[in-house]
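Structure file model.txt with compact mmCIF, C-alpha atoms and all ligand atoms:
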```
# COMPACT_ATOMS: atom_id res chain seq x y z
CA MET A 211 -5.79 24.95 -19.96
CA THR A 212 -6.41 21.41 -18.81
CA HIS A 213 -6.68 18.85 -21.51
CA THR A 214 -9.99 17.02 -21.69
CA THR A 215 -10.84 14.07 -23.88
CA SER A 216 -13.26 14.88 -26.67
CA HIS A 217 -16.37 12.74 -26.80
CA ILE A 218 -17.89 14.43 -29.82
CA ASN A 219 -16.06 12.14 -32.23
CA GLU A 220 -17.06 8.93 -30.50
CA PRO A 221 -19.56 6.69 -32.31
CA PHE A 222 -22.55 5.32 -30.46
CA ASN A 223 -25.54 3.07 -30.96
CA LEU A 224 -29.06 4.38 -31.04
CA GLY A 225 -31.12 1.21 -30.85
CA VAL A 226 -29.93 -0.92 -33.76
CA LEU A 227 -28.46 2.09 -35.53
CA PHE A 228 -24.77 2.94 -35.54
CA LEU A 229 -24.03 6.66 -35.45
CA PRO A 230 -20.50 7.86 -36.27
CA ASN A 231 -20.36 10.80 -33.83
CA ARG A 232 -22.37 12.77 -31.30
CA LEU A 233 -23.66 15.56 -33.54
CA VAL A 234 -27.30 15.63 -34.60
CA GLN A 235 -28.73 18.21 -37.00
CA ALA A 236 -31.88 19.73 -35.48
CA PRO A 237 -35.28 19.52 -37.17
CA MET A 238 -36.28 23.03 -38.23
CA ALA A 239 -39.56 23.66 -40.02
CA GLY A 240 -39.09 25.55 -43.28
CA ILE A 241 -35.32 25.10 -43.07
CA SER A 242 -34.14 21.53 -42.70
CA GLY A 243 -35.12 20.32 -46.15
CA ARG A 244 -32.92 18.05 -48.23
CA ALA A 245 -30.38 20.72 -49.26
CA PHE A 246 -29.90 21.75 -45.63
CA ARG A 247 -29.57 18.15 -44.48
CA LEU A 248 -27.04 17.27 -47.17
CA GLN A 249 -25.05 20.32 -46.21
CA ALA A 250 -25.01 19.31 -42.53
CA ARG A 251 -23.79 15.87 -43.59
CA ARG A 252 -21.02 17.31 -45.77
CA PHE A 253 -19.76 19.17 -42.71
CA GLY A 254 -19.94 16.14 -40.44
CA ALA A 255 -23.34 15.83 -38.73
CA GLY A 256 -23.69 12.20 -37.62
CA LEU A 257 -27.49 12.12 -37.75
CA LEU A 258 -29.78 14.23 -39.91
CA THR A 259 -33.44 15.06 -39.22
CA THR A 260 -36.23 16.21 -41.50
CA GLU A 261 -38.40 19.11 -40.48
CA MET A 262 -41.62 18.07 -38.76
CA ILE A 263 -44.04 16.39 -41.15
CA SER A 264 -47.79 16.21 -40.59
CA SER A 265 -49.00 12.64 -40.11
CA HIS A 266 -52.36 13.76 -41.50
CA GLY A 267 -50.81 15.22 -44.60
CA VAL A 268 -48.98 11.93 -45.13
CA CYS A 269 -52.08 9.78 -44.56
CA TYR A 270 -54.33 11.93 -46.74
CA ARG A 271 -51.77 11.83 -49.55
CA ASN A 272 -51.17 15.56 -49.54
CA GLN A 273 -48.62 15.82 -52.34
CA ARG A 274 -46.47 18.49 -50.75
CA THR A 275 -46.38 16.62 -47.42
CA ARG A 276 -45.58 13.34 -49.14
CA SER A 277 -42.71 15.00 -51.00
CA MET A 278 -41.20 15.88 -47.62
CA LEU A 279 -40.72 12.15 -47.02
CA ALA A 280 -38.42 11.78 -50.02
CA LEU A 281 -34.90 10.87 -48.91
CA THR A 282 -31.72 10.54 -50.95
CA GLU A 283 -28.75 8.26 -50.65
CA GLY A 284 -26.32 10.72 -49.05
CA GLU A 285 -28.70 11.39 -46.18
CA HIS A 286 -28.49 8.16 -44.25
CA PRO A 287 -28.61 7.86 -41.33
CA VAL A 288 -31.60 10.21 -41.20
CA ALA A 289 -34.57 10.59 -38.87
CA VAL A 290 -38.00 11.54 -40.17
CA GLN A 291 -39.91 13.64 -37.67
CA LEU A 292 -43.69 13.28 -37.56
CA PHE A 293 -46.30 15.27 -35.70
CA GLY A 294 -49.92 14.46 -34.99
CA ALA A 295 -52.33 13.59 -32.21
CA GLN A 296 -53.94 10.38 -33.46
CA PRO A 297 -52.14 7.10 -32.76
CA GLU A 298 -53.43 5.35 -35.90
CA ALA A 299 -52.50 8.21 -38.23
CA MET A 300 -49.07 8.47 -36.62
CA ALA A 301 -48.54 4.72 -36.98
CA GLU A 302 -49.57 4.79 -40.64
CA ALA A 303 -47.39 7.82 -41.39
CA ALA A 304 -44.48 6.09 -39.63
CA ARG A 305 -44.92 3.00 -41.84
CA LEU A 306 -44.82 5.19 -44.95
CA ALA A 307 -41.80 7.11 -43.66
CA GLU A 308 -39.98 3.87 -43.02
CA ALA A 309 -40.89 2.66 -46.50
CA SER A 310 -39.31 5.87 -47.85
CA GLY A 311 -36.08 4.99 -46.10
CA ALA A 312 -36.27 6.63 -42.67
CA ASP A 313 -33.62 5.15 -40.37
CA ILE A 314 -35.36 6.59 -37.30
CA ILE A 315 -38.90 7.79 -36.69
CA ASP A 316 -38.93 10.80 -34.39
CA ILE A 317 -42.16 11.94 -32.76
CA ASN A 318 -42.58 15.66 -32.17
CA MET A 319 -43.81 16.36 -28.64
CA GLY A 320 -42.17 19.75 -28.37
CA CYS A 321 -43.57 22.12 -30.97
CA PRO A 322 -45.29 25.09 -29.24
CA VAL A 323 -46.67 26.72 -32.42
CA ARG A 324 -50.40 27.48 -32.07
CA LYS A 325 -51.40 25.84 -35.34
CA VAL A 326 -49.89 22.56 -34.11
CA VAL A 327 -50.84 22.75 -30.41
CA LYS A 328 -54.51 23.47 -31.11
CA THR A 329 -54.79 20.11 -32.87
CA GLY A 330 -53.47 18.38 -29.72
CA ALA A 331 -50.07 17.68 -31.32
CA GLY A 332 -46.55 18.92 -30.54
CA VAL A 333 -46.00 20.06 -26.97
CA ALA A 334 -49.76 19.65 -26.23
CA LEU A 335 -49.02 15.93 -25.98
CA MET A 336 -46.91 16.60 -22.90
CA ALA A 337 -50.13 17.74 -21.20
CA ASP A 338 -51.89 14.50 -22.15
CA GLU A 339 -49.44 11.81 -21.14
CA ALA A 340 -51.84 8.91 -21.72
CA LEU A 341 -52.26 9.97 -25.35
CA ALA A 342 -48.54 10.65 -25.71
CA VAL A 343 -47.77 7.11 -24.58
CA ARG A 344 -50.45 5.60 -26.84
CA ILE A 345 -48.94 7.42 -29.81
CA ALA A 346 -45.42 6.30 -28.96
CA ALA A 347 -46.56 2.68 -28.51
CA ALA A 348 -48.52 2.71 -31.78
CA VAL A 349 -45.50 4.02 -33.70
CA VAL A 350 -43.09 1.59 -32.00
CA ASN A 351 -45.37 -1.29 -32.98
CA ALA A 352 -45.76 -0.05 -36.55
CA VAL A 353 -42.09 0.07 -37.60
CA ARG A 354 -38.82 -1.80 -37.22
CA ALA A 355 -36.79 1.42 -37.14
CA PRO A 356 -35.89 2.87 -33.75
CA VAL A 357 -38.47 5.39 -32.53
CA THR A 358 -37.37 8.54 -30.72
CA VAL A 359 -39.35 11.35 -29.10
CA LYS A 360 -38.42 15.03 -28.96
CA LEU A 361 -39.65 16.71 -25.79
CA ARG A 362 -39.61 20.11 -24.16
CA SER A 363 -39.32 20.50 -20.36
CA GLY A 364 -43.09 20.53 -20.04
CA ALA A 365 -46.25 21.88 -21.64
CA GLY A 366 -47.30 24.29 -18.88
CA ARG A 367 -45.33 25.66 -15.96
CA ALA A 368 -44.27 22.34 -14.49
CA VAL A 369 -41.29 20.30 -15.63
CA THR A 370 -42.85 16.97 -16.58
CA ALA A 371 -40.29 15.65 -19.07
CA LEU A 372 -38.72 13.21 -16.62
CA SER A 373 -41.92 11.47 -15.59
CA LEU A 374 -43.19 11.29 -19.17
CA ALA A 375 -39.81 10.00 -20.35
CA GLY A 376 -40.08 6.98 -18.05
CA LYS A 377 -43.46 6.09 -19.55
CA LEU A 378 -42.19 6.57 -23.10
CA GLN A 379 -39.29 4.25 -22.38
CA THR A 380 -41.73 1.60 -21.20
CA ALA A 381 -43.60 2.10 -24.47
CA GLY A 382 -40.39 1.16 -26.29
CA VAL A 383 -38.76 4.36 -27.51
CA ALA A 384 -35.08 3.94 -28.35
CA ALA A 385 -33.89 7.45 -27.44
CA LEU A 386 -35.19 10.77 -26.17
CA CYS A 387 -34.33 14.26 -27.26
CA ILE A 388 -34.93 17.20 -25.00
CA HIS A 389 -35.06 20.91 -25.69
CA PRO A 390 -35.24 22.06 -22.07
CA ARG A 391 -37.51 25.06 -22.30
CA LEU A 392 -41.19 25.04 -21.29
CA GLY A 393 -43.73 25.08 -24.11
CA GLY A 394 -44.91 28.60 -23.27
CA GLN A 395 -41.36 29.91 -23.23
CA GLY A 396 -40.92 29.71 -26.99
CA TYR A 397 -37.21 30.49 -27.40
CA LYS A 398 -36.96 32.98 -24.53
CA GLY A 399 -34.38 32.57 -21.78
CA ARG A 400 -31.62 29.99 -21.84
CA ALA A 401 -32.22 26.28 -22.31
CA ASP A 402 -32.03 24.73 -18.82
CA HIS A 403 -29.63 21.89 -19.42
CA ALA A 404 -29.72 20.84 -15.77
CA ILE A 405 -32.94 19.17 -16.95
CA SER A 406 -31.11 17.44 -19.82
CA ALA A 407 -28.49 16.13 -17.37
CA ALA A 408 -31.19 14.93 -14.96
CA LEU A 409 -32.97 13.18 -17.80
CA ALA A 410 -29.73 11.56 -18.98
CA ALA A 411 -29.07 10.32 -15.43
CA ALA A 412 -32.57 8.89 -15.07
CA ALA A 413 -33.08 7.43 -18.54
CA SER A 414 -31.99 4.00 -19.67
CA VAL A 415 -31.99 5.08 -23.34
CA PRO A 416 -29.66 7.63 -24.98
CA VAL A 417 -30.60 11.27 -24.42
CA ILE A 418 -29.92 13.95 -27.04
CA ALA A 419 -29.74 17.52 -25.73
CA SER A 420 -30.93 20.47 -27.81
CA GLY A 421 -30.79 24.19 -27.16
CA ASP A 422 -28.20 26.97 -27.40
CA ILE A 423 -25.35 24.61 -28.26
CA ASP A 424 -22.95 26.84 -30.14
CA GLY A 425 -19.44 25.61 -29.44
CA PRO A 426 -17.28 22.75 -28.18
CA GLN A 427 -17.55 23.78 -24.53
CA ALA A 428 -21.33 23.61 -24.43
CA ALA A 429 -21.30 20.35 -26.39
CA GLU A 430 -18.61 18.62 -24.33
CA ALA A 431 -20.22 19.73 -21.05
CA LEU A 432 -23.48 18.02 -22.01
CA LEU A 433 -21.70 14.85 -23.11
CA ALA A 434 -19.71 14.83 -19.86
CA GLU A 435 -23.00 15.07 -17.96
CA GLY A 436 -24.22 11.88 -19.58
CA CYS A 437 -26.07 13.04 -22.68
CA ALA A 438 -25.36 10.71 -25.59
CA ALA A 439 -25.39 13.41 -28.25
CA VAL A 440 -26.03 17.08 -28.88
CA MET A 441 -28.34 18.66 -31.42
CA ILE A 442 -27.31 21.72 -33.38
CA GLY A 443 -30.02 24.10 -34.58
CA ARG A 444 -29.79 27.86 -34.88
CA ALA A 445 -26.02 27.90 -34.49
CA SER A 446 -25.79 26.18 -37.87
CA GLN A 447 -27.96 28.77 -39.64
CA GLY A 448 -25.40 30.53 -41.81
CA ASN A 449 -22.63 28.48 -40.26
CA PRO A 450 -22.64 24.85 -41.40
CA TRP A 451 -18.89 24.82 -40.59
CA ILE A 452 -19.89 24.50 -36.94
CA TYR A 453 -20.11 20.71 -37.29
CA ARG A 454 -16.51 20.50 -38.50
CA ASP A 455 -15.33 22.92 -35.83
CA LEU A 456 -17.05 20.88 -33.13
CA LEU A 457 -15.52 17.66 -34.44
CA ASP A 458 -12.12 19.40 -34.50
CA GLY A 459 -12.68 20.72 -30.98
CA VAL A 460 -12.25 24.36 -31.96
CA ALA A 461 -14.51 27.35 -31.31
CA PRO A 462 -16.53 28.26 -34.43
CA TRP A 463 -14.67 30.84 -36.47
CA ARG A 464 -15.63 33.13 -39.34
CA ARG A 465 -14.77 31.84 -42.80
CA PRO A 466 -13.53 34.28 -45.45
CA ILE A 467 -16.16 35.64 -47.83
CA ASP A 468 -14.84 33.57 -50.78
CA GLU A 469 -15.42 30.36 -48.89
CA VAL A 470 -18.83 31.58 -47.74
CA LEU A 471 -19.84 32.41 -51.32
CA ALA A 472 -18.65 29.04 -52.61
CA GLU A 473 -20.72 27.28 -49.95
CA LEU A 474 -23.77 29.44 -50.66
CA GLU A 475 -23.53 28.52 -54.33
CA ARG A 476 -23.31 24.81 -53.57
CA PHE A 477 -26.27 25.08 -51.21
CA TYR A 478 -28.29 27.11 -53.73
CA ARG A 479 -27.77 24.46 -56.42
CA ASP A 480 -29.00 21.72 -54.08
CA LEU A 481 -31.94 23.91 -53.10
CA VAL A 482 -32.93 24.47 -56.75
CA GLU A 483 -32.80 20.74 -57.32
CA GLU A 484 -34.96 20.18 -54.25
CA THR A 485 -37.59 22.90 -54.60
CA GLY A 486 -37.28 24.47 -58.04
CA ARG A 487 -35.78 27.87 -58.89
CA GLU A 488 -38.60 30.13 -57.67
CA ARG A 489 -38.84 28.71 -54.18
CA ALA A 490 -35.08 28.41 -53.91
CA LEU A 491 -34.67 32.10 -54.69
CA ARG A 492 -37.20 33.03 -52.01
CA GLN A 493 -35.58 30.72 -49.45
CA MET A 494 -32.12 32.04 -50.22
CA ARG A 495 -33.05 35.52 -48.90
CA LYS A 496 -33.20 34.07 -45.39
CA PHE A 497 -29.88 32.31 -45.88
CA TYR A 498 -28.09 35.36 -47.31
CA GLY A 499 -29.02 37.21 -44.12
CA TRP A 500 -27.62 34.47 -41.90
CA TYR A 501 -24.41 33.90 -43.86
CA LEU A 502 -23.60 37.56 -44.28
CA LYS A 503 -24.44 38.75 -40.77
CA PRO A 504 -20.80 38.55 -39.55
CA PHE A 505 -19.79 40.77 -42.50
CA LYS A 506 -22.31 43.46 -41.49
CA PRO A 507 -23.92 43.98 -44.90
CA ASP A 508 -25.07 47.56 -45.55
CA ALA A 509 -28.66 48.52 -46.40
CA GLU A 510 -27.90 48.72 -50.13
CA LEU A 511 -26.64 45.14 -50.23
CA ARG A 512 -29.52 43.84 -48.10
CA ASP A 513 -31.96 45.57 -50.40
CA GLY A 514 -30.24 44.34 -53.54
CA LEU A 515 -30.31 40.76 -52.30
CA LYS A 516 -34.07 40.94 -51.82
CA ARG A 517 -34.44 41.76 -55.50
CA ALA A 518 -31.68 39.58 -56.95
CA ASP A 519 -33.03 37.34 -59.69
CA GLY A 520 -30.65 34.43 -59.43
CA PHE A 521 -27.57 33.41 -57.54
CA GLU A 522 -25.15 34.93 -60.02
CA GLU A 523 -26.65 38.37 -59.50
CA ALA A 524 -26.64 37.95 -55.71
CA SER A 525 -23.09 36.70 -55.72
CA ALA A 526 -21.91 39.68 -57.81
CA LEU A 527 -23.62 42.11 -55.41
CA ILE A 528 -22.00 40.43 -52.43
CA GLY A 529 -18.60 40.37 -54.11
CA ARG A 530 -18.82 44.12 -54.88
CA SER A 531 -20.00 45.10 -51.42
CA ILE A 532 -17.91 42.92 -49.15
CA ALA A 533 -14.14 43.15 -49.40
CA THR A 534 -12.30 39.86 -49.40
C1 LIG B 1 -37.11 27.99 -37.29
C2 LIG B 1 -37.18 26.80 -36.37
C3 LIG B 1 -37.95 25.71 -36.70
C4 LIG B 1 -38.02 24.61 -35.84
N1 LIG B 1 -38.75 23.53 -36.23
C5 LIG B 1 -38.75 22.41 -35.45
C6 LIG B 1 -39.41 21.23 -35.88
O1 LIG B 1 -39.96 21.14 -36.98
N2 LIG B 1 -39.41 20.16 -35.02
C7 LIG B 1 -38.78 20.21 -33.80
O2 LIG B 1 -38.80 19.22 -33.06
N3 LIG B 1 -38.13 21.31 -33.39
C8 LIG B 1 -38.09 22.40 -34.18
N4 LIG B 1 -37.38 23.49 -33.78
C9 LIG B 1 -36.62 23.43 -32.53
C10 LIG B 1 -35.17 23.01 -32.78
O3 LIG B 1 -35.10 21.70 -33.27
C11 LIG B 1 -34.31 23.11 -31.50
O4 LIG B 1 -34.77 22.19 -30.54
C12 LIG B 1 -34.35 24.52 -30.90
O5 LIG B 1 -34.18 25.50 -31.90
C13 LIG B 1 -33.25 24.72 -29.85
O6 LIG B 1 -31.98 24.45 -30.38
P1 LIG B 1 -30.97 25.59 -30.93
O7 LIG B 1 -30.77 26.58 -29.82
O8 LIG B 1 -29.73 24.81 -31.28
O9 LIG B 1 -31.63 26.23 -32.12
C14 LIG B 1 -37.31 24.61 -34.62
C15 LIG B 1 -36.54 25.71 -34.29
C16 LIG B 1 -36.44 26.80 -35.14
C17 LIG B 1 -35.56 27.96 -34.75
```

As structure tokens:
Amino acid sequence: MTHTTSHINEPFNLGVLFLPNRLVQAPMAGISGRAFRLQARRFGAGLLTTEMISSHGVCYRNQRTRSMLALTEGEHPVAVQLFGAQPEAMAEAARLAEASGADIIDINMGCPVRKVVKTGAGVALMADEALAVRIAAAVVNAVRAPVTVKLRSGAGRAVTALSLAGKLQTAGVAALCIHPRLGGQGYKGRADHAISAALAAAASVPVIASGDIDGPQAAEALLAEGCAAVMIGRASQGNPWIYRDLLDGVAPWRRPIDEVLAELERFYRDLVEETGRERALRQMRKFYGWYLKPFKPDAELRDGLKRADGFEEASALIGRSIAT
């Protein structure tokens, strides 16, 4: 095997911000809350990102939305991602996010979910470039923090990310993130990272690539092609160790069940602190599934975990069912 230099560990500057390495934790609605972000940081993610937050919810003082802006000390540097279709509301939400401690304001121009697109936000903005640019400019003017935009390849059938990116740069964005699938594609097919490479070659700001990055090869290939950083999403669901493995340059490997249980407990405690016990218990069901998948849990365990009333009970069920 030829020896290649690892770029993942290299620091870089995103606007005025210093980032210690090339790993960015992906925004994931319903998942990347505080406990998830802190976990990604513990394992080495250089930049954290909140899930997408509604600019309207922020402006209209929706309590639950506002609580999503709360950031804690261990999270910096952290990007707050906002979505919306009105420049003024986005600018106001960005000001409030910055006041809550956001180190970066990220604008969502990639979400294909109907509820978001029908309001003109998310990936719908890629079909209305004039509005997309007005929003980016309004946010850039509203805050001192670097402003980034997360794009898909395009809203319809055409790849428009490159032409829009040029206009967003002119509006003053400090970096671009691309998840190179078309809006209508959802998560089908493979991310087309030839588009990420083309964007990195054309852009004068750092480009972060997102999509199907699940090991050092995929990550290093994108960095070698000129992307400044890579974003890790689904590959970290149930495997936060992936950040450490990427930094160490090794392929992700399965941790023993004892280590998995210890990490689940730590995560659960942070989740309870963040959301309260009831919501944490509901959320944990999703996480048990992800963490235990490599151990092939049987139907009895899966069923038991749905009913478990507390982490201790869940942990005992797992311990009994899965041999160490
Ligand atoms: C459950 C889920 C929720 C997501 N929520 C967001 C979001 O709030 N904002 C966003 O920009 N992207 C969101 N994404 C997209 C991811 O950030 C990422 O770009 C995409 O999943 C591809 O990367 P991956 O293959 O590493 O998961 C979400 C993805 C998933 C699977």

(message) Restricting the calculation to all atoms listed in the file: of A:Ala412, A:Leu378, A:Ala518, A:Ala509, which residue gets closest to Arg495 in chain A?
(response)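 Of all the options, A:Ala518 lies closest to Arg495 in chain A.
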
(request) For range 234-236 of chain A, list every protein, DNA or RNA residue within 9 Å, evaluated using only C-alpha atoms, and leave out those in the same chain fewer than 4 positions away; present the list as a list in words. (result)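 Counting only the stated atoms, we get Ser242, Arg247, Ala250, Arg251, Ala255, Gly256, Leu257, Leu258, Thr259, Thr260, Glu261, Ile418, Ser420, Ala439, Val440, Met441, Ile442, Gly443, Arg444, Ser446 and Tyr453 of chain A.
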
(message) I'd like the contact shell of Glu302 in chain A - 10 Å cut-off, all atoms listed in the file, skipping same-chain residues fewer than 4 positions apart - returned as a PyMOL selection string.
(response) chain A and resi 265-266+268-269+297-298+306-308+348-349+352-353

Could you make a table, as a Markdown table, of the residues of range 395-483 of chain A that have an atom within 10 Å of an atom of range 380-388 of chain A, each with its nearest atom pair and distance in Å to one decimal, counting all atoms listed in the file, in chain and number order?
```
| residue | atom | partner | partner_atom | distance |
| --- | --- | --- | --- | --- |
| A:Ala401 | CA | A:Ile388 | CA | 9.9 |
| A:His403 | CA | A:Ile388 | CA | 9.0 |
| A:Ile405 | CA | A:Ile388 | CA | 8.5 |
| A:Ser406 | CA | A:Ile388 | CA | 6.4 |
| A:Leu409 | CA | A:Ile388 | CA | 8.5 |
| A:Ala410 | CA | A:Leu386 | CA | 9.1 |
| A:Ala413 | CA | A:Leu386 | CA | 8.6 |
| A:Ser414 | CA | A:Ala385 | CA | 8.7 |
| A:Val415 | CA | A:Ala385 | CA | 5.1 |
| A:Pro416 | CA | A:Ala385 | CA | 4.9 |
| A:Val417 | CA | A:Leu386 | CA | 4.9 |
| A:Ile418 | CA | A:Cys387 | CA | 4.4 |
| A:Ala419 | CA | A:Ile388 | CA | 5.3 |
| A:Ser420 | CA | A:Ile388 | CA | 5.9 |
| A:Gly421 | CA | A:Ile388 | CA | 8.4 |
| A:Cys437 | CA | A:Cys387 | CA | 9.5 |
| A:Ala438 | CA | A:Ala385 | CA | 9.3 |
| A:Ala439 | CA | A:Cys387 | CA | 9.0 |
| A:Val440 | CA | A:Cys387 | CA | 8.9 |
| A:Met441 | CA | A:Cys387 | CA | 8.5 |
```

For ligand LIG 1 (chain B), I'd like the enclosing box, axis-aligned and padded by 5 Å on every side, reported as lines of an AutoDock Vina configuration file with centre and edge lengths in Å to one decimal.
```
center_x = -34.8
center_y = 23.6
center_z = -33.6
size_x = 20.2
size_y = 18.8
size_z = 17.5
```

(request) To one decimal in Å, tell me the separation between CA of Ala365 in chain A and CA of Leu432 in chain A. (result) 23.1 Å

(request) Rank A:Pro426, A:Gly225, A:Gly267, A:Pro322 by their smallest atom-to-atom distance to ligand LIG 1 (chain B), using all atoms listed in the file, and report the top residue only. (result)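 Residue with the minimum atom-to-atom distance to ligand LIG 1 (chain B): A:Pro322.
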
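By chain and then residue number, the residues within 10 Å of Val369 in chain A are Met336, Arg362, Ser363, Pro390, Arg391, Leu392 and Ile405 of chain A, counting all atoms listed in the file and disregarding those fewer than 6 positions away in sequence.
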
(request) Provide the CA of Arg274 in chain A to CA of Arg244 in chain A distance in Å, to one decimal place. (result) 13.8 Å
